[in-house]
Amino acid sequence: MLPLFHRPPVRKRLAGFGDIPAIFPLCATGRQFSTAVRAFATPLGGGDETEGHSFEGETSNIRSFQLSNGSRPGFPTVKPELVPGRMEVRRLSEDQGVGNAPVAGGPADCYWGELTDLGRSSTLTLGARLRALYVDQLNFVPSTLPDLPIGSNPVAFRSTGMNRTIESLHQIVQGLFPARDGPVEYVVRNPQDESLYPNSLCARMRKLDRSSVEQAAKMYNPTLAPLDPLLSKYINGAPVRIDGHPRANGLLDTIMVCKAHSIKVPVEFEDPTVLETLETAVVHEWFDGHSNPEFKKLAMGRLIGDLASLIERKVADPKEKTDKLRLAVYSCHDTSLGGILNALGAFDSRWPPFTSHIAFELFRPTPAPTTTSTLSSFLPSFLHSTPASPYYVRVKYNGKPVNIPTCRKPGMSLEGSNGEVCTMEGFREAVAKVAITAKEWESGCAA
(Lines give C-alpha, C1' and ligand atoms only; values in the text may rest on other atoms or scores of the structure.)
Protein backbone atom coordinates (compact mmCIF):
# COMPACT_ATOMS: atom_id res chain seq x y z
CA MET A 1 0.00 0.00 0.00
CA LEU A 2 1.76 3.12 -1.25
CA PRO A 3 0.57 6.69 -0.65
CA LEU A 4 1.02 9.61 -2.99
CA PHE A 5 4.52 10.97 -2.79
CA HIS A 6 6.13 14.42 -2.81
CA ARG A 7 3.87 17.06 -4.34
CA PRO A 8 3.20 20.79 -4.10
CA PRO A 9 0.28 22.03 -1.96
CA VAL A 10 -3.22 21.60 -3.37
CA ARG A 11 -3.80 25.37 -3.44
CA LYS A 12 -1.93 28.66 -2.98
CA ARG A 13 -1.05 29.54 0.63
CA LEU A 14 1.65 31.62 2.38
CA ALA A 15 3.07 32.78 -0.98
CA GLY A 16 5.79 35.42 -0.59
CA PHE A 17 6.77 34.47 2.95
CA GLY A 18 10.21 32.95 3.34
CA ASP A 19 10.98 31.48 -0.08
CA ILE A 20 7.47 30.04 -0.56
CA PRO A 21 6.53 30.64 -4.21
CA ALA A 22 3.13 31.36 -5.69
CA ILE A 23 3.76 28.55 -8.19
CA PHE A 24 6.09 25.68 -7.29
CA PRO A 25 8.70 25.03 -10.07
CA LEU A 26 9.27 21.39 -9.10
CA CYS A 27 7.70 19.41 -11.94
CA ALA A 28 9.97 19.48 -15.02
CA THR A 29 9.62 15.74 -15.71
CA GLY A 30 5.85 15.79 -15.99
CA ARG A 31 5.70 18.48 -18.66
CA GLN A 32 6.46 16.29 -21.68
CA PHE A 33 5.04 12.87 -22.40
CA SER A 34 3.21 10.82 -25.03
CA THR A 35 -0.52 10.23 -25.03
CA ALA A 36 -2.85 7.84 -26.79
CA VAL A 37 -4.91 9.18 -29.69
CA ARG A 38 -7.02 7.78 -32.54
CA ALA A 39 -5.52 8.50 -35.93
CA PHE A 40 -6.31 8.01 -39.60
CA ALA A 41 -4.35 5.09 -41.03
CA THR A 42 -3.62 7.22 -44.11
CA PRO A 43 -3.35 11.02 -43.81
CA LEU A 44 -6.40 12.70 -45.31
CA GLY A 45 -6.05 14.72 -48.48
CA GLY A 46 -8.18 17.56 -49.76
CA GLY A 47 -11.35 17.21 -51.79
CA ASP A 48 -14.87 18.52 -51.93
CA GLU A 49 -16.81 15.39 -52.87
CA THR A 50 -18.25 15.04 -49.38
CA GLU A 51 -21.98 15.61 -49.68
CA GLY A 52 -23.94 12.59 -48.46
CA HIS A 53 -20.89 10.87 -46.98
CA SER A 54 -20.07 10.38 -43.30
CA PHE A 55 -17.53 8.57 -41.18
CA GLU A 56 -17.23 7.26 -37.63
CA GLY A 57 -17.62 9.97 -35.01
CA GLU A 58 -19.03 12.59 -37.39
CA THR A 59 -21.95 14.56 -35.99
CA SER A 60 -24.29 17.17 -37.42
CA ASN A 61 -22.16 19.86 -35.77
CA ILE A 62 -19.04 18.56 -37.54
CA ARG A 63 -20.85 18.32 -40.87
CA SER A 64 -22.07 21.90 -40.59
CA PHE A 65 -18.56 23.26 -40.03
CA GLN A 66 -17.57 25.77 -42.71
CA LEU A 67 -14.41 27.56 -43.70
CA SER A 68 -14.23 31.35 -43.51
CA ASN A 69 -15.05 31.64 -47.21
CA GLY A 70 -18.30 29.74 -46.72
CA SER A 71 -17.14 26.45 -48.26
CA ARG A 72 -17.02 23.14 -46.43
CA PRO A 73 -13.66 21.51 -45.69
CA GLY A 74 -13.04 18.42 -47.77
CA PHE A 75 -13.21 14.86 -46.47
CA PRO A 76 -12.59 11.65 -48.39
CA THR A 77 -15.50 9.99 -50.12
CA VAL A 78 -14.39 6.59 -48.75
CA LYS A 79 -14.78 5.87 -45.04
CA PRO A 80 -11.23 6.20 -43.64
CA GLU A 81 -9.60 3.53 -41.51
CA LEU A 82 -8.92 4.55 -37.92
CA VAL A 83 -5.98 3.13 -35.93
CA PRO A 84 -4.45 3.64 -32.46
CA GLY A 85 -1.79 6.32 -32.43
CA ARG A 86 0.63 8.17 -30.16
CA MET A 87 1.15 11.89 -29.81
CA GLU A 88 4.07 13.62 -28.13
CA VAL A 89 2.78 16.54 -26.05
CA ARG A 90 4.19 19.24 -23.80
CA ARG A 91 1.76 20.38 -21.11
CA LEU A 92 2.36 23.73 -19.40
CA SER A 93 0.54 25.41 -16.56
CA GLU A 94 -1.19 28.75 -16.90
CA ASP A 95 -1.96 31.30 -14.21
CA GLN A 96 -4.44 34.15 -14.21
CA GLY A 97 -2.84 37.59 -14.15
CA VAL A 98 -4.05 41.16 -13.89
CA GLY A 99 -7.37 41.71 -15.63
CA ASN A 100 -7.79 37.97 -16.17
CA ALA A 101 -4.92 38.00 -18.65
CA PRO A 102 -3.39 34.53 -19.04
CA VAL A 103 0.16 34.10 -17.72
CA ALA A 104 2.05 31.14 -19.15
CA GLY A 105 3.85 28.96 -16.64
CA GLY A 106 7.49 28.01 -16.78
CA PRO A 107 8.85 24.68 -18.03
CA ALA A 108 8.90 23.18 -14.51
CA ASP A 109 5.84 24.82 -12.93
CA CYS A 110 3.55 22.40 -11.12
CA TYR A 111 -0.18 22.07 -11.07
CA TRP A 112 -1.54 22.09 -7.55
CA GLY A 113 -1.06 18.66 -6.00
CA GLU A 114 0.96 17.27 -8.93
CA LEU A 115 3.71 14.70 -8.40
CA THR A 116 7.00 16.61 -8.27
CA ASP A 117 10.37 15.57 -9.65
CA LEU A 118 11.41 14.66 -6.11
CA GLY A 119 8.26 12.57 -5.82
CA ARG A 120 9.17 10.78 -9.03
CA SER A 121 12.67 10.10 -7.72
CA SER A 122 11.43 8.79 -4.37
CA THR A 123 8.86 6.48 -5.97
CA LEU A 124 11.45 5.24 -8.45
CA THR A 125 13.79 4.52 -5.54
CA LEU A 126 11.08 2.71 -3.59
CA GLY A 127 10.37 0.58 -6.65
CA ALA A 128 14.06 -0.29 -6.83
CA ARG A 129 14.01 -1.24 -3.14
CA LEU A 130 11.06 -3.56 -3.80
CA ARG A 131 13.03 -5.09 -6.67
CA ALA A 132 16.08 -5.62 -4.48
CA LEU A 133 13.93 -7.56 -2.01
CA TYR A 134 11.39 -9.47 -4.09
CA VAL A 135 13.48 -10.06 -7.24
CA ASP A 136 17.17 -9.96 -6.36
CA GLN A 137 17.13 -11.26 -2.79
CA LEU A 138 14.13 -13.58 -2.65
CA ASN A 139 13.60 -14.53 -6.30
CA PHE A 140 9.93 -14.28 -5.38
CA VAL A 141 8.69 -12.60 -8.59
CA PRO A 142 10.19 -12.62 -12.12
CA SER A 143 13.04 -10.31 -13.01
CA THR A 144 11.11 -9.10 -16.09
CA LEU A 145 7.46 -8.13 -15.80
CA PRO A 146 5.55 -10.77 -17.78
CA ASP A 147 3.11 -9.75 -20.49
CA LEU A 148 0.26 -11.78 -19.01
CA PRO A 149 -3.39 -10.86 -18.50
CA ILE A 150 -4.56 -9.71 -15.11
CA GLY A 151 -5.43 -12.82 -13.16
CA SER A 152 -2.57 -14.84 -14.61
CA ASN A 153 0.22 -12.41 -13.80
CA PRO A 154 2.15 -12.92 -10.52
CA VAL A 155 2.18 -9.12 -10.11
CA ALA A 156 -0.80 -6.74 -10.03
CA PHE A 157 -1.05 -2.97 -9.90
CA ARG A 158 -3.92 -0.72 -8.88
CA SER A 159 -4.25 3.03 -8.37
CA THR A 160 -6.87 5.55 -7.44
CA GLY A 161 -7.99 7.77 -10.31
CA MET A 162 -5.92 10.83 -9.40
CA ASN A 163 -3.08 11.75 -11.75
CA ARG A 164 -0.49 11.90 -8.99
CA THR A 165 -1.22 8.40 -7.71
CA ILE A 166 -1.20 6.98 -11.25
CA GLU A 167 2.12 8.71 -11.98
CA SER A 168 3.49 7.47 -8.64
CA LEU A 169 2.54 3.94 -9.67
CA HIS A 170 4.28 4.36 -13.02
CA GLN A 171 7.47 5.37 -11.24
CA ILE A 172 7.21 2.43 -8.83
CA VAL A 173 6.87 0.04 -11.78
CA GLN A 174 9.88 1.61 -13.50
CA GLY A 175 12.03 0.97 -10.43
CA LEU A 176 10.58 -2.50 -9.77
CA PHE A 177 10.58 -3.76 -13.36
CA PRO A 178 12.90 -1.72 -15.60
CA ALA A 179 12.59 -4.60 -18.11
CA ARG A 180 9.09 -5.50 -19.31
CA ASP A 181 7.78 -7.95 -21.89
CA GLY A 182 4.88 -5.68 -22.82
CA PRO A 183 2.77 -2.76 -21.62
CA VAL A 184 2.16 -2.33 -17.92
CA GLU A 185 -1.42 -3.19 -17.00
CA TYR A 186 -2.95 -1.52 -13.96
CA VAL A 187 -6.53 -1.05 -12.83
CA VAL A 188 -8.46 2.03 -11.71
CA ARG A 189 -11.97 1.77 -10.32
CA ASN A 190 -14.84 4.15 -11.02
CA PRO A 191 -15.25 6.76 -8.26
CA GLN A 192 -18.36 5.13 -6.77
CA ASP A 193 -16.52 1.81 -6.45
CA GLU A 194 -13.23 3.19 -5.14
CA SER A 195 -12.23 1.65 -1.82
CA LEU A 196 -8.57 2.67 -1.56
CA TYR A 197 -9.48 5.73 0.51
CA PRO A 198 -12.42 6.89 2.63
CA ASN A 199 -14.86 7.52 -0.21
CA SER A 200 -16.72 10.81 0.26
CA LEU A 201 -19.46 9.65 -2.10
CA CYS A 202 -20.82 7.77 0.92
CA ALA A 203 -23.48 10.13 2.32
CA ARG A 204 -23.60 8.54 5.77
CA MET A 205 -19.81 8.65 6.11
CA ARG A 206 -19.78 12.33 5.13
CA LYS A 207 -22.31 13.09 7.86
CA LEU A 208 -20.30 11.23 10.47
CA ASP A 209 -17.11 12.94 9.28
CA ARG A 210 -18.63 16.42 9.55
CA SER A 211 -19.71 15.68 13.09
CA SER A 212 -16.23 14.44 13.96
CA VAL A 213 -14.53 17.49 12.45
CA GLU A 214 -16.86 19.83 14.33
CA GLN A 215 -16.06 18.05 17.57
CA ALA A 216 -12.33 18.20 16.85
CA ALA A 217 -12.60 21.94 16.22
CA LYS A 218 -14.31 22.46 19.58
CA MET A 219 -11.67 20.43 21.39
CA TYR A 220 -8.48 21.51 19.63
CA ASN A 221 -9.07 25.07 18.42
CA PRO A 222 -8.17 26.27 21.94
CA THR A 223 -4.79 24.52 21.59
CA LEU A 224 -4.17 26.44 18.36
CA ALA A 225 -5.08 29.85 19.80
CA PRO A 226 -1.59 30.39 21.35
CA LEU A 227 -0.17 30.21 17.81
CA ASP A 228 -2.11 33.29 16.67
CA PRO A 229 0.52 35.85 17.82
CA LEU A 230 3.14 33.91 15.85
CA LEU A 231 1.33 32.89 12.68
CA SER A 232 -1.70 35.14 12.07
CA LYS A 233 0.49 37.73 10.33
CA TYR A 234 1.06 35.21 7.55
CA ILE A 235 -2.66 34.62 6.91
CA ASN A 236 -4.01 38.19 6.77
CA GLY A 237 -4.50 38.41 10.52
CA ALA A 238 -6.87 35.44 10.64
CA PRO A 239 -6.73 33.06 13.61
CA VAL A 240 -5.18 29.62 13.22
CA ARG A 241 -8.05 27.16 13.53
CA ILE A 242 -9.13 23.72 12.36
CA ASP A 243 -12.14 25.34 10.66
CA GLY A 244 -10.41 28.63 9.85
CA HIS A 245 -9.53 30.23 6.53
CA PRO A 246 -7.07 28.97 5.56
CA ARG A 247 -7.62 25.80 7.55
CA ALA A 248 -4.90 24.59 9.90
CA ASN A 249 -4.42 21.48 7.75
CA GLY A 250 -3.67 23.69 4.75
CA LEU A 251 -0.98 25.58 6.65
CA LEU A 252 0.62 22.37 7.86
CA ASP A 253 0.48 20.83 4.38
CA THR A 254 2.17 23.84 2.77
CA ILE A 255 4.92 23.91 5.37
CA MET A 256 5.60 20.17 5.14
CA VAL A 257 5.75 20.39 1.34
CA CYS A 258 8.27 23.22 1.55
CA LYS A 259 10.44 21.46 4.11
CA ALA A 260 10.46 18.26 2.03
CA HIS A 261 11.63 20.24 -1.01
CA SER A 262 14.19 22.37 0.91
CA ILE A 263 12.20 25.58 0.43
CA LYS A 264 12.83 28.14 3.16
CA VAL A 265 9.81 28.88 5.38
CA PRO A 266 9.24 31.67 7.94
CA VAL A 267 11.26 31.06 11.09
CA GLU A 268 8.14 30.51 13.22
CA PHE A 269 7.37 27.38 11.22
CA GLU A 270 10.80 25.97 12.06
CA ASP A 271 9.81 25.71 15.72
CA PRO A 272 9.14 22.02 16.55
CA THR A 273 6.53 23.03 19.12
CA VAL A 274 4.56 24.99 16.51
CA LEU A 275 4.65 22.08 14.07
CA GLU A 276 3.71 19.55 16.75
CA THR A 277 0.75 21.68 17.87
CA LEU A 278 -0.48 22.04 14.28
CA GLU A 279 0.00 18.34 13.51
CA THR A 280 -1.79 17.19 16.66
CA ALA A 281 -4.88 19.25 15.85
CA VAL A 282 -4.89 18.24 12.17
CA VAL A 283 -4.51 14.54 12.95
CA HIS A 284 -7.50 14.73 15.29
CA GLU A 285 -9.48 16.56 12.58
CA TRP A 286 -8.80 13.92 9.95
CA PHE A 287 -8.67 10.70 11.94
CA ASP A 288 -10.82 11.00 15.06
CA GLY A 289 -13.78 9.78 13.03
CA HIS A 290 -12.23 6.31 13.04
CA SER A 291 -13.00 6.00 16.76
CA ASN A 292 -16.62 5.50 15.66
CA PRO A 293 -17.01 1.83 14.56
CA GLU A 294 -19.63 2.78 11.96
CA PHE A 295 -17.39 5.40 10.38
CA LYS A 296 -14.42 3.02 10.45
CA LYS A 297 -16.35 0.37 8.54
CA LEU A 298 -17.67 2.80 5.93
CA ALA A 299 -14.26 4.44 5.50
CA MET A 300 -11.98 1.41 5.33
CA GLY A 301 -14.16 -1.71 5.58
CA ARG A 302 -14.24 -2.50 1.86
CA LEU A 303 -10.47 -2.20 1.48
CA ILE A 304 -9.75 -4.28 4.59
CA GLY A 305 -12.23 -6.85 3.32
CA ASP A 306 -10.56 -6.92 -0.11
CA LEU A 307 -7.10 -7.42 1.42
CA ALA A 308 -8.35 -10.15 3.74
CA SER A 309 -10.04 -11.95 0.85
CA LEU A 310 -6.86 -11.78 -1.22
CA ILE A 311 -4.89 -13.36 1.63
CA GLU A 312 -7.53 -16.05 2.19
CA ARG A 313 -7.39 -16.99 -1.49
CA LYS A 314 -3.65 -17.54 -1.23
CA VAL A 315 -4.08 -19.67 1.89
CA ALA A 316 -6.70 -21.79 0.11
CA ASP A 317 -4.41 -22.38 -2.89
CA PRO A 318 -0.95 -23.20 -1.48
CA LYS A 319 0.29 -24.71 -4.75
CA GLU A 320 -0.92 -21.67 -6.73
CA LYS A 321 -2.94 -23.79 -9.12
CA THR A 322 -5.45 -21.01 -9.81
CA ASP A 323 -4.25 -17.93 -7.91
CA LYS A 324 -0.91 -16.89 -9.41
CA LEU A 325 -0.68 -13.52 -7.66
CA ARG A 326 2.39 -12.98 -5.48
CA LEU A 327 2.80 -9.23 -5.29
CA ALA A 328 0.05 -6.59 -5.40
CA VAL A 329 0.95 -2.90 -5.41
CA TYR A 330 -1.68 -0.27 -4.60
CA SER A 331 -1.05 3.44 -5.12
CA CYS A 332 -3.28 5.41 -2.79
CA HIS A 333 -3.17 8.27 -0.26
CA ASP A 334 -1.94 9.29 3.18
CA THR A 335 -5.50 9.04 4.47
CA SER A 336 -5.51 5.46 3.17
CA LEU A 337 -2.50 4.54 5.31
CA GLY A 338 -3.84 6.33 8.37
CA GLY A 339 -7.20 4.65 7.80
CA ILE A 340 -5.65 1.16 7.57
CA LEU A 341 -3.67 1.67 10.76
CA ASN A 342 -6.80 2.94 12.52
CA ALA A 343 -8.78 -0.04 11.25
CA LEU A 344 -6.21 -2.39 12.79
CA GLY A 345 -6.05 -0.42 16.05
CA ALA A 346 -2.41 0.51 15.46
CA PHE A 347 -2.45 4.20 14.49
CA ASP A 348 0.41 6.18 16.05
CA SER A 349 -1.44 9.54 15.94
CA ARG A 350 1.12 11.00 13.53
CA TRP A 351 0.43 12.21 10.00
CA PRO A 352 1.97 9.71 7.54
CA PRO A 353 5.04 11.42 6.06
CA PHE A 354 5.97 11.42 2.38
CA THR A 355 7.16 8.02 1.05
CA SER A 356 5.29 6.10 3.79
CA HIS A 357 4.02 2.64 2.89
CA ILE A 358 2.34 -0.40 4.43
CA ALA A 359 3.08 -4.03 3.57
CA PHE A 360 0.87 -7.03 4.31
CA GLU A 361 3.07 -10.13 4.26
CA LEU A 362 1.74 -13.69 4.21
CA PHE A 363 4.15 -16.32 5.57
CA ARG A 364 4.06 -20.06 5.26
CA PRO A 365 6.47 -21.89 7.56
CA THR A 366 9.30 -23.86 5.97
CA PRO A 367 11.18 -26.86 7.35
CA ALA A 368 14.54 -26.08 8.91
CA PRO A 369 16.90 -25.92 5.90
CA THR A 370 19.99 -28.08 5.64
CA THR A 371 21.73 -25.16 3.96
CA THR A 372 20.86 -21.50 4.28
CA SER A 373 18.97 -20.20 1.26
CA THR A 374 18.30 -16.59 0.39
CA LEU A 375 14.58 -16.98 1.04
CA SER A 376 15.03 -18.77 4.36
CA SER A 377 17.49 -16.11 5.54
CA PHE A 378 14.84 -13.44 4.92
CA LEU A 379 12.14 -15.25 6.92
CA PRO A 380 11.91 -14.48 10.64
CA SER A 381 14.03 -17.07 12.46
CA PHE A 382 11.08 -18.33 14.50
CA LEU A 383 9.35 -19.56 11.32
CA HIS A 384 11.95 -22.18 10.40
CA SER A 385 11.09 -24.83 12.96
CA THR A 386 7.32 -24.33 12.90
CA PRO A 387 5.07 -27.11 11.56
CA ALA A 388 4.28 -26.62 7.88
CA SER A 389 0.49 -26.21 8.19
CA PRO A 390 -0.39 -22.77 9.64
CA TYR A 391 -0.02 -19.42 7.94
CA TYR A 392 0.91 -16.10 9.47
CA VAL A 393 0.44 -12.44 8.57
CA ARG A 394 2.82 -9.61 9.35
CA VAL A 395 1.93 -5.97 8.74
CA LYS A 396 4.81 -3.52 8.34
CA TYR A 397 4.59 0.29 8.29
CA ASN A 398 7.61 2.04 6.80
CA GLY A 399 9.62 -1.14 7.19
CA LYS A 400 8.81 -1.75 10.86
CA PRO A 401 6.41 -4.45 12.13
CA VAL A 402 3.02 -3.19 13.31
CA ASN A 403 1.85 -4.49 16.68
CA ILE A 404 -1.86 -5.20 16.20
CA PRO A 405 -3.73 -5.32 19.55
CA THR A 406 -5.78 -8.38 18.60
CA CYS A 407 -2.60 -10.31 17.86
CA ARG A 408 -1.21 -9.61 21.33
CA LYS A 409 -3.83 -11.91 22.82
CA PRO A 410 -2.65 -15.39 23.93
CA GLY A 411 -2.45 -17.78 20.98
CA MET A 412 -3.07 -15.04 18.39
CA SER A 413 0.56 -14.55 17.35
CA LEU A 414 3.52 -16.74 16.54
CA GLU A 415 5.48 -17.69 19.63
CA GLY A 416 8.60 -15.56 19.92
CA SER A 417 7.35 -12.80 17.62
CA ASN A 418 6.32 -10.41 20.42
CA GLY A 419 2.88 -10.11 18.86
CA GLU A 420 4.29 -8.80 15.57
CA VAL A 421 3.41 -11.88 13.49
CA CYS A 422 -0.29 -12.73 13.67
CA THR A 423 -1.65 -16.21 13.35
CA MET A 424 -4.34 -16.46 10.69
CA GLU A 425 -6.86 -16.67 13.51
CA GLY A 426 -5.52 -13.45 15.02
CA PHE A 427 -5.52 -11.67 11.69
CA ARG A 428 -9.05 -12.86 10.90
CA GLU A 429 -10.31 -11.58 14.23
CA ALA A 430 -8.61 -8.20 13.69
CA VAL A 431 -10.13 -7.62 10.25
CA ALA A 432 -13.55 -9.08 11.12
CA LYS A 433 -14.24 -6.01 13.25
CA VAL A 434 -13.98 -3.75 10.20
CA ALA A 435 -14.33 -5.68 6.92
CA ILE A 436 -17.55 -5.25 4.95
CA THR A 437 -18.68 -6.14 1.44
CA ALA A 438 -19.51 -3.68 -1.33
CA LYS A 439 -23.20 -4.39 -0.84
CA GLU A 440 -22.94 -3.73 2.91
CA TRP A 441 -21.12 -0.48 2.14
CA GLU A 442 -23.86 0.68 -0.20
CA SER A 443 -26.52 -0.17 2.36
CA GLY A 444 -24.61 1.56 5.15
CA CYS A 445 -24.02 4.69 3.07
CA ALA A 446 -27.74 5.02 2.41
CA ALA A 447 -28.65 4.77 6.09
# chains A, B, ... in the order shown; residues from 1 in each chain; ligands from 1

$ residues_around --residues "range 273-279 of chain A" --least-positions-apart "5" --cutoff "12 Å" --atoms "only C-alpha atoms" --output "MDAnalysis selection string"
chainID A and resid 220:231 240:242 247:256 259 266:268 284:287 349:353

$ residues_around --residues "Pro198 in chain A" --least-positions-apart "3" --cutoff "10 Å" --atoms "only C-alpha atoms" --output "PyMOL selection string"
chain A and resi 194-195+201-202+205-206+295-303+333+335-336+339

$ residues_around --residues "Thr125 in chain A" --least-positions-apart "3" --cutoff "8 Å" --atoms "only C-alpha atoms" --output "number ranges by chain"
A: 121-122, 128-129, 172, 175

$ closest_residue --among "A:Val173, A:Gly18, A:Arg313, A:Leu26" --to "Glu270 in chain A" --atoms "only C-alpha atoms"
A:Gly18

$ closest_residue --among "A:Thr123, A:Thr29, A:Ser152, A:Thr144" --to "Pro107 in chain A" --atoms "only C-alpha atoms"
A:Thr29

$ closest_residue --among "A:Leu44, A:Val10, A:Ile304, A:Ala343" --to "Tyr111 in chain A" --atoms "only C-alpha atoms"
A:Val10

$ closest_residue --among "A:Lys396, A:Ile311, A:Gly416, A:Ile23" --to "Val431 in chain A" --atoms "only C-alpha atoms"
A:Ile311

$ atom_distance --atom1 "CA of Pro390 in chain A" --atom2 "CA of Ala435 in chain A"
22.2 Å

$ residues_around --residues "range 329-331 of chain A" --least-positions-apart "2" --cutoff "12 Å" --atoms "only C-alpha atoms" --output "PyMOL selection string"
chain A and resi 1-5+123+126-127+130+154-173+176+185-189+195-197+303+306-307+325-327+333-337+355-360

$ select_by_dssp --residues "range 262-405 of chain A" --states "strand (DSSP E or B)" --output "short mmCIF file (atom, residue, chain, number, x, y, z; two decimals) with N, CA, C and O atoms, in the first residue's frame"
data_model
loop_
_atom_site.label_atom_id
_atom_site.label_comp_id
_atom_site.auth_asym_id
_atom_site.auth_seq_id
_atom_site.Cartn_x
_atom_site.Cartn_y
_atom_site.Cartn_z
N LEU A 327 2.51 -10.60 -5.73
CA LEU A 327 2.80 -9.23 -5.29
C LEU A 327 1.74 -8.30 -5.85
O LEU A 327 1.54 -8.24 -7.07
N ALA A 328 1.04 -7.59 -4.98
CA ALA A 328 0.05 -6.59 -5.40
C ALA A 328 0.49 -5.23 -4.88
O ALA A 328 0.81 -5.09 -3.69
N VAL A 329 0.52 -4.25 -5.76
CA VAL A 329 0.95 -2.90 -5.41
C VAL A 329 -0.22 -1.96 -5.61
O VAL A 329 -0.80 -1.90 -6.69
N TYR A 330 -0.56 -1.21 -4.56
CA TYR A 330 -1.68 -0.27 -4.60
C TYR A 330 -1.14 1.14 -4.38
O TYR A 330 -0.45 1.40 -3.40
N SER A 331 -1.46 2.05 -5.27
CA SER A 331 -1.05 3.44 -5.12
C SER A 331 -2.24 4.25 -4.62
O SER A 331 -3.25 4.39 -5.32
N ILE A 358 2.74 0.73 3.59
CA ILE A 358 2.34 -0.40 4.43
C ILE A 358 2.45 -1.68 3.61
O ILE A 358 2.07 -1.70 2.44
N ALA A 359 2.99 -2.73 4.22
CA ALA A 359 3.08 -4.03 3.57
C ALA A 359 2.32 -5.06 4.39
O ALA A 359 2.46 -5.11 5.62
N PHE A 360 1.50 -5.85 3.72
CA PHE A 360 0.87 -7.03 4.31
C PHE A 360 1.62 -8.25 3.78
O PHE A 360 1.62 -8.50 2.57
N GLU A 361 2.26 -8.99 4.66
CA GLU A 361 3.07 -10.13 4.26
C GLU A 361 2.44 -11.43 4.76
O GLU A 361 2.12 -11.55 5.95
N LEU A 362 2.27 -12.37 3.85
CA LEU A 362 1.74 -13.69 4.21
C LEU A 362 2.90 -14.68 4.24
O LEU A 362 3.62 -14.84 3.26
N PHE A 363 3.06 -15.35 5.39
CA PHE A 363 4.15 -16.32 5.57
C PHE A 363 3.59 -17.73 5.68
O PHE A 363 2.55 -17.95 6.31
N TYR A 392 0.78 -17.25 8.59
CA TYR A 392 0.91 -16.10 9.47
C TYR A 392 0.91 -14.82 8.63
O TYR A 392 1.30 -14.83 7.46
N VAL A 393 0.49 -13.73 9.25
CA VAL A 393 0.44 -12.44 8.57
C VAL A 393 1.23 -11.42 9.40
O VAL A 393 1.04 -11.32 10.62
N ARG A 394 2.10 -10.72 8.71
CA ARG A 394 2.82 -9.61 9.35
C ARG A 394 2.50 -8.33 8.59
O ARG A 394 2.56 -8.30 7.36
N VAL A 395 2.18 -7.28 9.33
CA VAL A 395 1.93 -5.97 8.74
C VAL A 395 3.11 -5.07 9.10
O VAL A 395 3.50 -4.99 10.27
N LYS A 396 3.67 -4.40 8.10
CA LYS A 396 4.81 -3.52 8.34
C LYS A 396 4.46 -2.11 7.85
O LYS A 396 3.88 -1.95 6.77
N TYR A 397 4.81 -1.13 8.63
CA TYR A 397 4.59 0.29 8.29
C TYR A 397 5.95 0.95 8.21
O TYR A 397 6.69 0.98 9.19
N LYS A 400 8.80 -1.25 9.49
CA LYS A 400 8.81 -1.75 10.86
C LYS A 400 7.52 -2.51 11.14
O LYS A 400 6.43 -2.07 10.75
N PRO A 401 7.61 -3.66 11.84
CA PRO A 401 6.41 -4.45 12.13
C PRO A 401 5.39 -3.65 12.95
O PRO A 401 5.76 -2.88 13.84
#

$ residues_around --residues "Arg7 in chain A" --least-positions-apart "4" --cutoff "8 Å" --atoms "only C-alpha atoms" --output "PyMOL selection string"
chain A and resi 113-116+119+257

$ write_last_selection --atoms "N, CA and C atoms" --output "PDB file, in the first residue's frame"
ATOM      1  N   GLY A 113      -0.938  20.061  -6.379  1.00  0.00           N
ATOM      2  CA  GLY A 113      -1.056  18.661  -6.000  1.00  0.00           C
ATOM      3  C   GLY A 113      -0.390  17.678  -6.941  1.00  0.00           C
ATOM      4  N   GLU A 114       0.330  18.164  -7.953  1.00  0.00           N
ATOM      5  CA  GLU A 114       0.961  17.273  -8.933  1.00  0.00           C
ATOM      6  C   GLU A 114       2.187  16.581  -8.322  1.00  0.00           C
ATOM      7  N   LEU A 115       2.502  15.399  -8.807  1.00  0.00           N
ATOM      8  CA  LEU A 115       3.714  14.698  -8.397  1.00  0.00           C
ATOM      9  C   LEU A 115       4.932  15.490  -8.859  1.00  0.00           C
ATOM     10  N   THR A 116       5.818  15.822  -7.928  1.00  0.00           N
ATOM     11  CA  THR A 116       7.001  16.613  -8.268  1.00  0.00           C
ATOM     12  C   THR A 116       8.131  15.709  -8.746  1.00  0.00           C
ATOM     13  N   GLY A 119       9.194  13.669  -6.000  1.00  0.00           N
ATOM     14  CA  GLY A 119       8.258  12.570  -5.822  1.00  0.00           C
ATOM     15  C   GLY A 119       8.516  11.447  -6.804  1.00  0.00           C
ATOM     16  N   VAL A 257       5.313  20.454   2.733  1.00  0.00           N
ATOM     17  CA  VAL A 257       5.753  20.386   1.341  1.00  0.00           C
ATOM     18  C   VAL A 257       7.050  21.166   1.163  1.00  0.00           C
TER      19      VAL A 257
END

$ select_by_dssp --residues "range 138-370 of chain A" --states "alpha helix (DSSP H)" --output "PyMOL selection string"
chain A and resi 163-176+203-224+228-231+248-260+272-287+293-316+334-343

$ residues_around --residues "range 98-106 of chain A" --least-positions-apart "5" --cutoff "10 Å" --atoms "only C-alpha atoms" --output "PyMOL selection string"
chain A and resi 23-25+27-28+31+91-93+111
